[in-house]
$ cat data_37.tsv   # TSV, C-alpha atoms and all ligand atoms
chain	number	residue	atom	x	y	z
A	567	MET	CA	-14.20	-3.81	28.43
A	568	ASP	CA	-14.11	-0.45	26.55
A	569	ALA	CA	-11.02	0.78	24.65
A	570	GLU	CA	-10.20	3.73	22.41
A	571	GLN	CA	-9.19	2.64	18.90
A	572	TRP	CA	-8.61	3.90	15.33
A	573	CYS	CA	-11.63	3.35	13.10
A	574	LEU	CA	-13.20	4.30	9.76
A	575	VAL	CA	-16.56	6.05	9.86
A	576	VAL	CA	-18.58	4.86	6.85
A	577	GLU	CA	-22.14	5.24	5.59
A	578	LYS	CA	-24.40	2.26	6.45
A	579	ARG	CA	-24.88	1.27	2.81
A	580	GLU	CA	-21.08	1.07	2.29
A	581	ALA	CA	-20.32	-0.63	5.61
A	582	GLU	CA	-20.38	-4.28	4.50
A	583	GLN	CA	-18.23	-3.68	1.40
A	584	THR	CA	-15.69	-1.66	3.44
A	585	ARG	CA	-15.69	-4.29	6.22
A	586	ARG	CA	-14.88	-7.03	3.68
A	587	ARG	CA	-12.12	-4.97	2.11
A	588	LEU	CA	-10.52	-4.20	5.49
A	589	LEU	CA	-10.74	-7.87	6.39
A	590	GLU	CA	-9.10	-8.87	3.09
A	591	GLU	CA	-6.27	-6.40	3.70
A	592	GLY	CA	-5.73	-7.46	7.32
A	593	LEU	CA	-6.72	-3.98	8.52
A	594	LEU	CA	-9.98	-4.79	10.35
A	595	ASP	CA	-9.24	-4.93	14.08
A	596	ARG	CA	-11.27	-7.96	15.13
A	597	ARG	CA	-10.53	-7.41	18.80
A	598	TYR	CA	-13.30	-4.75	18.80
A	599	LYS	CA	-16.93	-4.85	17.85
A	600	PRO	CA	-18.04	-2.52	14.99
A	601	ARG	CA	-20.88	-0.25	16.10
A	602	SER	CA	-23.19	2.40	14.68
A	603	GLU	CA	-23.17	6.10	15.42
A	604	GLY	CA	-26.17	7.99	14.02
A	605	ASP	CA	-26.41	7.03	10.33
A	606	ALA	CA	-22.79	5.82	10.18
A	607	VAL	CA	-21.02	2.56	11.03
A	608	LEU	CA	-17.68	2.64	12.87
A	609	LEU	CA	-15.24	-0.07	11.72
A	610	PRO	CA	-12.22	-0.54	14.05
A	611	VAL	CA	-8.87	-0.74	12.19
A	612	THR	CA	-5.46	-2.04	13.26
A	613	GLU	CA	-3.58	1.21	12.58
A	614	GLU	CA	-3.94	4.86	11.67
A	615	ILE	CA	-4.81	4.44	7.97
A	616	ALA	CA	-5.96	7.34	5.76
A	617	GLY	CA	-9.28	8.74	7.00
A	618	ALA	CA	-9.10	6.93	10.37
A	619	THR	CA	-10.33	8.60	13.53
A	620	ARG	CA	-10.40	7.65	17.26
A	621	ARG	CA	-13.52	6.21	18.96
A	622	THR	CA	-14.33	3.97	21.90
A	623	PHE	CA	-15.25	0.29	21.30
A	624	VAL	CA	-16.26	-2.74	23.30
A	625	THR	CA	-13.68	-5.55	23.08
A	626	VAL	CA	-14.80	-8.91	21.61
A	627	PRO	CA	-13.90	-12.00	23.66
A	628	GLN	CA	-11.03	-13.64	21.66
A	629	ARG	CA	-11.87	-16.94	19.97
A	630	ALA	CA	-8.69	-18.84	20.54
A	631	ASP	CA	-5.97	-16.48	21.65
A	632	LEU	CA	-4.76	-15.86	18.08
A	633	PRO	CA	-1.43	-14.04	17.54
A	634	ARG	CA	-1.25	-10.58	15.93
A	635	HIS	CA	-0.59	-10.81	12.21
A	636	ASP	CA	-0.85	-9.11	8.82
A	637	LEU	CA	-2.73	-10.76	5.98
A	638	VAL	CA	-1.49	-10.76	2.38
A	639	GLY	CA	-3.82	-12.95	0.29
A	640	GLY	CA	-3.55	-16.50	1.71
A	641	ILE	CA	-0.45	-15.69	3.78
A	642	ALA	CA	-0.39	-14.47	7.38
A	643	ILE	CA	2.76	-12.71	8.58
A	644	LEU	CA	3.29	-13.11	12.31
A	645	GLN	CA	5.06	-10.59	14.50
A	646	GLU	CA	6.51	-13.36	16.73
A	647	ASP	CA	8.56	-16.41	15.75
A	648	ASP	CA	5.97	-18.75	17.31
A	649	PRO	CA	5.25	-21.99	15.35
A	650	GLU	CA	2.56	-23.14	17.81
A	651	ALA	CA	0.63	-19.87	17.44
A	652	ALA	CA	1.14	-20.14	13.66
A	653	LYS	CA	-0.50	-23.60	13.63
A	654	ARG	CA	-3.46	-22.29	15.67
A	655	LEU	CA	-3.86	-19.37	13.28
A	656	LEU	CA	-3.69	-21.62	10.20
A	657	ALA	CA	-6.33	-23.93	11.68
A	658	SER	CA	-8.64	-21.04	12.53
A	659	ARG	CA	-8.66	-19.42	9.05
A	660	PRO	CA	-9.67	-21.58	6.07
A	661	SER	CA	-8.51	-18.84	3.64
A	662	LEU	CA	-4.87	-19.17	4.80
A	663	HIS	CA	-2.36	-21.53	3.19
A	664	THR	CA	0.87	-20.32	4.86
A	665	VAL	CA	2.08	-18.53	8.00
A	666	LEU	CA	5.41	-16.67	7.75
A	667	PHE	CA	7.73	-14.88	10.14
A	668	PRO	CA	9.96	-12.08	8.72
A	669	GLU	CA	13.62	-12.80	9.53
A	670	THR	CA	14.78	-9.42	8.22
A	671	PRO	CA	13.26	-5.95	7.94
A	672	VAL	CA	12.33	-4.64	4.46
A	673	GLU	CA	15.79	-4.07	3.00
A	674	GLY	CA	17.96	-3.44	-0.03
A	675	GLU	CA	17.25	-1.74	-3.34
A	676	TYR	CA	14.41	-4.17	-4.09
A	677	ARG	CA	12.75	-3.51	-0.67
A	678	THR	CA	12.24	-7.21	0.12
A	679	ARG	CA	12.39	-9.35	3.30
A	680	ARG	CA	13.55	-12.88	4.05
A	681	PHE	CA	10.96	-15.13	5.70
A	682	ALA	CA	10.84	-18.34	7.73
A	683	VAL	CA	7.83	-20.58	7.08
A	684	LEU	CA	6.13	-21.26	10.45
A	685	ALA	CA	3.16	-23.31	9.23
A	686	GLY	CA	1.37	-24.50	6.11
A	687	THR	CA	2.60	-24.69	2.51
A	688	PRO	CA	6.26	-23.65	2.24
A	689	THR	CA	5.86	-20.71	-0.14
A	690	THR	CA	6.10	-16.92	-0.18
A	691	ARG	CA	3.79	-16.67	-3.22
A	692	THR	CA	0.11	-15.87	-2.98
A	693	ARG	CA	-2.73	-14.10	-4.79
A	694	VAL	CA	-4.18	-10.87	-3.40
A	695	THR	CA	-7.57	-9.44	-4.34
A	696	GLU	CA	-7.89	-5.68	-4.06
A	697	TYR	CA	-10.97	-3.75	-5.22
A	698	GLY	CA	-11.79	-6.40	-7.81
A	699	LEU	CA	-8.22	-6.62	-9.13
A	700	ARG	CA	-5.95	-9.64	-8.60
A	701	PHE	CA	-2.24	-9.51	-7.91
A	702	ASP	CA	0.16	-12.44	-7.78
A	703	VAL	CA	2.86	-11.58	-5.27
A	704	ASP	CA	6.01	-13.24	-3.98
A	705	LEU	CA	6.86	-11.62	-0.68
A	706	ALA	CA	10.47	-12.83	-0.65
A	707	HIS	CA	11.29	-11.58	-4.15
A	708	ALA	CA	9.32	-8.39	-4.77
A	709	TYR	CA	7.80	-5.74	-2.51
A	710	PHE	CA	4.05	-5.71	-1.88
A	711	SER	CA	1.99	-4.02	0.83
A	712	ALA	CA	-1.77	-4.45	1.10
A	713	ARG	CA	-1.82	-1.46	3.43
A	714	LEU	CA	-1.62	1.01	0.55
A	715	SER	CA	-4.87	-0.09	-1.10
A	716	THR	CA	-6.82	2.92	0.22
A	717	GLU	CA	-4.07	5.21	-1.04
A	718	ARG	CA	-4.26	3.68	-4.53
A	719	GLN	CA	-8.02	4.31	-4.58
A	720	ARG	CA	-7.48	7.90	-3.42
A	721	ILE	CA	-5.21	8.58	-6.39
A	722	LEU	CA	-7.57	6.80	-8.80
A	723	GLY	CA	-10.33	9.09	-7.45
A	724	MET	CA	-8.22	12.18	-8.27
A	725	MET	CA	-7.67	11.17	-11.89
A	726	GLU	CA	-9.35	12.46	-15.05
A	727	GLU	CA	-10.25	9.90	-17.72
A	728	GLY	CA	-7.48	9.38	-20.30
A	729	GLU	CA	-4.46	10.51	-18.31
A	730	ARG	CA	-0.90	9.42	-19.11
A	731	VAL	CA	0.62	8.02	-15.90
A	732	LEU	CA	4.18	7.09	-14.93
A	733	ASP	CA	4.76	4.71	-11.99
A	734	MET	CA	8.51	5.09	-11.35
A	735	PHE	CA	8.79	2.32	-8.71
A	736	ALA	CA	6.03	-0.04	-9.77
A	737	GLY	CA	6.83	-3.32	-7.98
A	738	VAL	CA	4.33	-6.02	-9.03
A	739	GLY	CA	1.99	-3.30	-10.31
A	740	PRO	CA	-0.69	-2.47	-7.72
A	741	PHE	CA	-0.60	1.29	-8.43
A	742	ALA	CA	-0.04	0.90	-12.18
A	743	ILE	CA	-2.84	-1.63	-12.74
A	744	THR	CA	-5.26	0.22	-10.43
A	745	LEU	CA	-4.65	3.57	-12.14
A	746	ALA	CA	-4.87	1.94	-15.59
A	747	ARG	CA	-8.64	1.82	-15.01
A	748	ARG	CA	-8.86	5.57	-15.77
A	749	ALA	CA	-5.59	6.15	-17.63
A	750	GLU	CA	-5.02	6.11	-21.35
A	751	LEU	CA	-1.55	4.71	-20.73
A	752	VAL	CA	0.62	3.76	-17.73
A	753	VAL	CA	4.39	3.27	-17.95
A	754	ALA	CA	5.45	1.11	-14.99
A	755	ALA	CA	9.17	0.89	-14.19
A	756	ASP	CA	11.11	-1.14	-11.66
A	757	LEU	CA	14.71	-2.34	-11.55
A	758	ASN	CA	13.87	-5.65	-9.84
A	759	PRO	CA	13.49	-8.34	-12.57
A	760	ALA	CA	11.31	-10.49	-10.24
A	761	ALA	CA	8.93	-7.55	-9.72
A	762	ILE	CA	8.68	-6.92	-13.47
A	763	HIS	CA	8.11	-10.64	-14.09
A	764	LEU	CA	5.16	-10.57	-11.63
A	765	LEU	CA	3.94	-7.25	-13.07
A	766	ILE	CA	3.71	-8.85	-16.53
A	767	GLN	CA	1.75	-11.79	-15.01
A	768	ASN	CA	-0.56	-9.34	-13.22
A	769	ILE	CA	-1.17	-7.35	-16.40
A	770	ALA	CA	-2.29	-10.61	-18.06
A	771	LEU	CA	-4.28	-11.73	-14.99
A	772	ASN	CA	-6.31	-8.50	-15.00
A	773	ARG	CA	-6.45	-8.23	-18.82
A	774	THR	CA	-4.97	-4.73	-18.62
A	775	GLY	CA	-4.02	-3.58	-22.10
A	776	ASN	CA	-2.61	-0.14	-21.33
A	777	VAL	CA	0.29	-0.77	-18.92
A	778	ILE	CA	3.81	-0.82	-20.38
A	779	PRO	CA	6.27	-2.58	-18.05
A	780	ALA	CA	9.87	-1.33	-18.08
A	781	LEU	CA	12.77	-3.11	-16.42
A	782	ALA	CA	14.69	0.10	-15.74
A	783	ASP	CA	16.33	2.30	-13.17
A	784	ALA	CA	13.96	5.27	-12.76
A	785	ALA	CA	16.95	7.61	-12.92
A	786	HIS	CA	17.37	6.76	-16.64
A	787	LEU	CA	13.76	7.41	-17.66
A	788	PRO	CA	14.17	11.13	-18.52
A	789	ARG	CA	16.80	10.16	-21.15
A	790	ILE	CA	14.63	7.94	-23.34
A	791	GLY	CA	12.47	10.67	-24.86
A	792	LEU	CA	9.08	9.85	-23.30
A	793	ALA	CA	6.34	12.45	-23.88
A	794	PRO	CA	5.43	14.27	-20.62
A	795	PHE	CA	3.05	12.51	-18.20
A	796	ASP	CA	-0.06	13.95	-16.49
A	797	ARG	CA	0.69	12.09	-13.26
A	798	VAL	CA	3.83	10.54	-11.76
A	799	VAL	CA	3.72	8.11	-8.80
A	800	MET	CA	6.89	7.83	-6.70
A	801	ASN	CA	6.44	5.06	-4.12
A	802	LEU	CA	9.95	4.46	-2.82
A	803	PRO	CA	9.63	6.13	0.58
A	804	LEU	CA	13.27	5.91	1.68
A	805	ALA	CA	14.80	7.31	-1.50
A	806	ALA	CA	12.09	8.87	-3.71
A	807	PRO	CA	13.02	12.50	-2.86
A	808	ALA	CA	16.36	11.95	-4.63
A	809	PHE	CA	14.44	11.07	-7.82
A	810	LEU	CA	12.24	14.18	-7.70
A	811	PRO	CA	14.20	16.11	-10.39
A	812	ALA	CA	13.75	13.09	-12.72
A	813	ALA	CA	10.01	12.98	-11.92
A	814	ALA	CA	9.67	16.72	-12.56
A	815	ALA	CA	11.44	16.35	-15.92
A	816	LEU	CA	8.89	13.66	-16.89
A	817	CYS	CA	5.75	15.47	-15.68
A	818	ARG	CA	3.93	18.10	-17.76
A	819	GLU	CA	3.36	21.65	-16.45
A	820	GLY	CA	0.23	21.51	-14.26
A	821	GLY	CA	0.56	17.71	-13.88
A	822	THR	CA	0.73	15.99	-10.47
A	823	ILE	CA	3.57	14.13	-8.75
A	824	HIS	CA	2.74	11.89	-5.76
A	825	LEU	CA	5.90	11.68	-3.67
A	826	TYR	CA	5.90	9.13	-0.83
A	827	ALA	CA	8.46	9.77	1.88
A	828	LEU	CA	9.33	8.50	5.31
A	829	GLU	CA	9.53	11.45	7.69
A	830	GLU	CA	9.91	12.45	11.32
A	831	ARG	CA	8.72	16.05	10.98
A	832	GLU	CA	5.70	17.48	9.17
A	833	GLY	CA	6.84	19.24	6.00
A	834	GLU	CA	10.32	17.68	6.21
A	835	TYR	CA	10.64	17.43	2.42
A	836	LEU	CA	9.04	20.79	1.52
A	837	PRO	CA	12.38	22.62	1.09
A	838	HIS	CA	13.53	19.78	-1.18
A	839	ILE	CA	10.31	20.04	-3.22
A	840	ARG	CA	10.52	23.83	-3.37
A	841	ALA	CA	13.99	23.53	-4.93
A	842	VAL	CA	12.37	21.61	-7.82
A	843	THR	CA	8.94	23.25	-8.35
A	844	ALA	CA	6.97	26.29	-7.20
A	845	GLY	CA	3.56	24.60	-7.63
A	846	ASN	CA	0.89	23.85	-5.03
A	847	VAL	CA	1.79	21.08	-2.53
A	848	VAL	CA	-0.57	19.16	-0.23
A	849	GLU	CA	0.95	16.84	2.35
A	850	ARG	CA	-0.89	14.04	4.17
A	851	GLN	CA	0.05	11.24	6.52
A	852	VAL	CA	-0.53	7.78	4.98
A	853	ARG	CA	0.29	5.57	7.98
A	854	THR	CA	2.58	5.34	10.97
A	855	TYR	CA	5.82	3.44	10.35
A	856	SER	CA	7.43	3.31	13.79
A	857	PRO	CA	7.14	5.56	16.86
A	858	GLY	CA	7.96	9.11	15.71
A	859	LYS	CA	8.15	8.16	11.99
A	860	TRP	CA	5.41	8.02	9.39
A	861	HIS	CA	4.80	7.56	5.70
A	862	ALA	CA	3.70	10.83	4.17
A	863	VAL	CA	2.55	11.58	0.66
A	864	TYR	CA	3.10	14.96	-0.98
A	865	ASP	CA	0.71	15.70	-3.86
A	866	ILE	CA	2.76	18.16	-5.89
A	867	GLU	CA	1.40	20.21	-8.75
A	868	LYS	CA	4.27	20.91	-11.14
A	869	GLU	CA	4.84	24.55	-11.95
A	870	GLY	CA	7.89	26.39	-13.28
A	901	LIG	N1	4.77	0.66	-5.96
A	901	LIG	C1	4.92	-0.71	-5.53
A	901	LIG	C2	3.89	-1.07	-4.48
A	901	LIG	O1	3.19	-0.18	-4.00
A	901	LIG	O2	3.76	-2.25	-4.14
A	901	LIG	C3	6.34	-1.01	-5.06
A	901	LIG	C4	6.87	-0.06	-4.06
A	901	LIG	S1	8.40	-0.57	-3.30
A	901	LIG	C5	8.35	0.41	-1.83
A	901	LIG	C6	9.62	0.24	-4.26
A	901	LIG	C7	10.01	-0.45	-5.56
A	901	LIG	O3	10.98	0.36	-6.22
A	901	LIG	C8	10.65	-1.82	-5.40
A	901	LIG	O4	9.93	-2.76	-6.17
A	901	LIG	C9	12.09	-1.65	-5.93
A	901	LIG	O5	12.55	-2.79	-6.64
A	901	LIG	C10	11.94	-0.46	-6.85
A	901	LIG	N2	13.14	0.37	-7.05
A	901	LIG	C11	14.10	0.69	-6.16
A	901	LIG	N3	15.00	1.52	-6.71
A	901	LIG	C12	14.60	1.74	-7.99
A	901	LIG	C13	15.09	2.52	-9.08
A	901	LIG	N4	16.20	3.24	-8.95
A	901	LIG	N5	14.41	2.52	-10.23
A	901	LIG	C14	13.28	1.77	-10.39
A	901	LIG	N6	12.76	1.01	-9.40
A	901	LIG	C15	13.40	0.99	-8.22
$ encode --input "data_37.tsv" --output "structure tokens"
Amino acid sequence: MDAEQWCLVVEKREAEQTRRRLLEEGLLDRRYKPRSEGDAVLLPVTEEIAGATRRTFVTVPQRADLPRHDLVGGIAILQEDDPEAAKRLLASRPSLHTVLFPETPVEGEYRTRRFAVLAGTPTTRTRVTEYGLRFDVDLAHAYFSARLSTERQRILGMMEEGERVLDMFAGVGPFAITLARRAELVVAADLNPAAIHLLIQNIALNRTGNVIPALADAAHLPRIGLAPFDRVVMNLPLAAPAFLPAAAALCREGGTIHLYALEEREGEYLPHIRAVTAGNVVERQVRTYSPGKWHAVYDIEKEG
């Protein structure tokens, strides 16, 4: 049967590497068969990620009626509270050690969820590999989303060598440690002690010598006399716009602020941004969040 689906269009020589990465991040939609189109390969994805486009695919006959899930390292997160389906999933994937069901939405200041263990080892900890980096995560105690890996690479691709970067809401460090590859220095702040604890472990795990972890409320950062940064990352989509004046105070003239926001209308936060800086702003959709809502990122050049 044919169906229209989101997909990434990639060059043939990059197809296998991209396929593996999408698989690792739980973004490859295995219900459809990848196919070629001219010199490119079309890889079906589970949602509208950055760069995705719509194409028609042939559906693959399902192996064993597996439930829909997200993958984070060795953990699968099911959308249904279905222990039988969880056992089938665990048995079908040797890389999995645990299947979880989220009992709450992402909530609170720390942006965490509570989980029930449906199958496997009773843990919310796992190790994620992303573009050659490793991250220890604990899904119940600190936020982590594998779905932003493409976004992290996009920002890394925008950077000059030797930049000074501030990650205001760093979590366990996926942006900070990724961007440290090009940066001279990254200051990574979070007010969740469990996130900072994991960030310190991840700095050691990746032998990253230029990330400074800070257990701090981002609102206090402008008051500790830090020299201005070339780039500021603000990944706290529900509340980051409120921290924009602090980010602007910490960013040099001509530097870039990446503001992630949850919005229902294109350009929703532009008036807010305009009240803080007159510089160039480019907005893009990162991924859909729920019907009529999406995660957007505003790349803001600071001016005035
Ligand atoms: N950037 C990380 C990532 O991509 O995985 C984490 C993003 S998560 C959506 C937002 C993080 O901001 C959480 O780890 C939360 O603890 C932290 N946070 C919330 N309010 C904060 C504040 N006022 N100052 C510093 N960190 C804060």
$ closest_residue --input "data_37.tsv" --among "A:Leu655, A:Ala618, A:Leu732, A:Val575" --to "ligand LIG 901 (chain A)" --atoms "only C-alpha atoms and all ligand atoms"
A:Leu732
$ atom_distance --input "data_37.tsv" --atom1 "CA of Lys578 (chain A)" --atom2 "CA of Asp605 (chain A)"
6.5 Å
$ closest_atom_pairs --input "data_37.tsv" --of "chain A" --to "ligand LIG 901 (chain A)" --cutoff "8 Å" --atoms "all atoms listed in the file" --output "JSON lines"
{"residue": "A:Glu675", "atom": "CA", "partner": "A:LIG901", "partner_atom": "C11", "distance": 4.9}
{"residue": "A:Tyr676", "atom": "CA", "partner": "A:LIG901", "partner_atom": "O5", "distance": 3.4}
{"residue": "A:Arg677", "atom": "CA", "partner": "A:LIG901", "partner_atom": "C8", "distance": 5.4}
{"residue": "A:Thr678", "atom": "CA", "partner": "A:LIG901", "partner_atom": "C8", "distance": 7.9}
{"residue": "A:Ala708", "atom": "CA", "partner": "A:LIG901", "partner_atom": "O4", "distance": 5.8}
{"residue": "A:Tyr709", "atom": "CA", "partner": "A:LIG901", "partner_atom": "O4", "distance": 5.2}
{"residue": "A:Phe710", "atom": "CA", "partner": "A:LIG901", "partner_atom": "O2", "distance": 4.1}
{"residue": "A:Ser711", "atom": "CA", "partner": "A:LIG901", "partner_atom": "O2", "distance": 5.6}
{"residue": "A:Ala712", "atom": "CA", "partner": "A:LIG901", "partner_atom": "O2", "distance": 7.9}
{"residue": "A:Leu714", "atom": "CA", "partner": "A:LIG901", "partner_atom": "O1", "distance": 6.7}
{"residue": "A:Asp733", "atom": "CA", "partner": "A:LIG901", "partner_atom": "N1", "distance": 7.3}
{"residue": "A:Met734", "atom": "CA", "partner": "A:LIG901", "partner_atom": "C14", "distance": 5.9}
{"residue": "A:Phe735", "atom": "CA", "partner": "A:LIG901", "partner_atom": "O3", "distance": 3.9}
{"residue": "A:Ala736", "atom": "CA", "partner": "A:LIG901", "partner_atom": "N1", "distance": 4.1}
{"residue": "A:Gly737", "atom": "CA", "partner": "A:LIG901", "partner_atom": "O4", "distance": 3.6}
{"residue": "A:Val738", "atom": "CA", "partner": "A:LIG901", "partner_atom": "O2", "distance": 6.2}
{"residue": "A:Gly739", "atom": "CA", "partner": "A:LIG901", "partner_atom": "C1", "distance": 6.2}
{"residue": "A:Pro740", "atom": "CA", "partner": "A:LIG901", "partner_atom": "O2", "distance": 5.7}
{"residue": "A:Phe741", "atom": "CA", "partner": "A:LIG901", "partner_atom": "N1", "distance": 5.9}
{"residue": "A:Ala742", "atom": "CA", "partner": "A:LIG901", "partner_atom": "N1", "distance": 7.9}
{"residue": "A:Ala755", "atom": "CA", "partner": "A:LIG901", "partner_atom": "C14", "distance": 5.7}
{"residue": "A:Asp756", "atom": "CA", "partner": "A:LIG901", "partner_atom": "N6", "distance": 3.5}
{"residue": "A:Leu757", "atom": "CA", "partner": "A:LIG901", "partner_atom": "N6", "distance": 4.4}
{"residue": "A:Asn758", "atom": "CA", "partner": "A:LIG901", "partner_atom": "O5", "distance": 4.5}
{"residue": "A:Ala761", "atom": "CA", "partner": "A:LIG901", "partner_atom": "O4", "distance": 6.0}
{"residue": "A:Leu781", "atom": "CA", "partner": "A:LIG901", "partner_atom": "C14", "distance": 7.8}
{"residue": "A:Ala782", "atom": "CA", "partner": "A:LIG901", "partner_atom": "C14", "distance": 5.8}
{"residue": "A:Asp783", "atom": "CA", "partner": "A:LIG901", "partner_atom": "N5", "distance": 3.5}
{"residue": "A:Ala784", "atom": "CA", "partner": "A:LIG901", "partner_atom": "N5", "distance": 3.8}
{"residue": "A:Ala785", "atom": "CA", "partner": "A:LIG901", "partner_atom": "N4", "distance": 6.0}
{"residue": "A:Met800", "atom": "CA", "partner": "A:LIG901", "partner_atom": "N1", "distance": 7.5}
{"residue": "A:Asn801", "atom": "CA", "partner": "A:LIG901", "partner_atom": "N1", "distance": 5.1}
{"residue": "A:Leu802", "atom": "CA", "partner": "A:LIG901", "partner_atom": "C5", "distance": 4.5}
{"residue": "A:Pro803", "atom": "CA", "partner": "A:LIG901", "partner_atom": "C5", "distance": 6.3}
{"residue": "A:Ala805", "atom": "CA", "partner": "A:LIG901", "partner_atom": "N3", "distance": 7.8}
$ atom_distance --input "data_37.tsv" --atom1 "CA of Asn846 (chain A)" --atom2 "CA of Leu804 (chain A)"
22.8 Å
$ residues_around --input "data_37.tsv" --residues "Asp631 (chain A)" --least-positions-apart "3" --cutoff "12 Å" --atoms "all atoms listed in the file" --output "list in words"
Arg596, Arg597, Val626, Pro627, Gln628, Arg634, Glu650, Ala651, Ala652, Arg654, Leu655 and Ser658 of chain A
$ closest_residue --input "data_37.tsv" --among "A:Pro794, A:Pro610, A:Pro837, A:Gly640" --to "Val694 (chain A)" --atoms "only C-alpha atoms"
A:Gly640
$ closest_residue --input "data_37.tsv" --among "A:Leu810, A:Ala642, A:Leu699, A:Ala827" --to "Ala682 (chain A)" --atoms "all atoms listed in the file"
A:Ala642
$ atom_distance --input "data_37.tsv" --atom1 "CA of Phe681 (chain A)" --atom2 "CA of Gly858 (chain A)"
26.4 Å
$ closest_residue --input "data_37.tsv" --among "A:Pro600, A:Gly617, A:Pro759, A:Pro660" --to "Leu574 (chain A)" --atoms "all atoms listed in the file"
A:Gly617
$ closest_residue --input "data_37.tsv" --among "A:Ser715, A:Gln767, A:Thr687, A:Asn776" --to "Ala746 (chain A)" --atoms "only C-alpha atoms"
A:Asn776
$ residues_around --input "data_37.tsv" --residues "Glu582 (chain A)" --least-positions-apart "6" --cutoff "10 Å" --atoms "only C-alpha atoms" --output "number ranges by chain"
A: 576, 588, 607, 609
$ closest_residue --input "data_37.tsv" --among "A:Ala581, A:Arg586, A:Val624, A:Val665" --to "Asp568 (chain A)" --atoms "only C-alpha atoms"
A:Val624
$ residues_around --input "data_37.tsv" --residues "Thr692 (chain A)" --least-positions-apart "4" --cutoff "7 Å" --atoms "all atoms listed in the file" --output "list in words"
Gly639, Gly640, Ile641, Asp702, Val703 and Asp704 of chain A
$ residues_near_point --input "data_37.tsv" --point "(-15.1, 7.1, 18.0)" --cutoff "8 Å" --atoms "only C-alpha atoms" --output "JSON, numbers by chain"
{"A": [570, 571, 572, 573, 608, 619, 620, 621, 622, 623]}
$ residues_around --input "data_37.tsv" --residues "Glu669 (chain A)" --least-positions-apart "4" --cutoff "12 Å" --atoms "only C-alpha atoms" --output "number ranges by chain"
A: 643-647, 673, 678-684, 706
$ residues_around --input "data_37.tsv" --residues "Glu869 (chain A)" --least-positions-apart "4" --cutoff "10 Å" --atoms "only C-alpha atoms" --output "PyMOL selection string"
chain A and resi 814+817-822+842-846
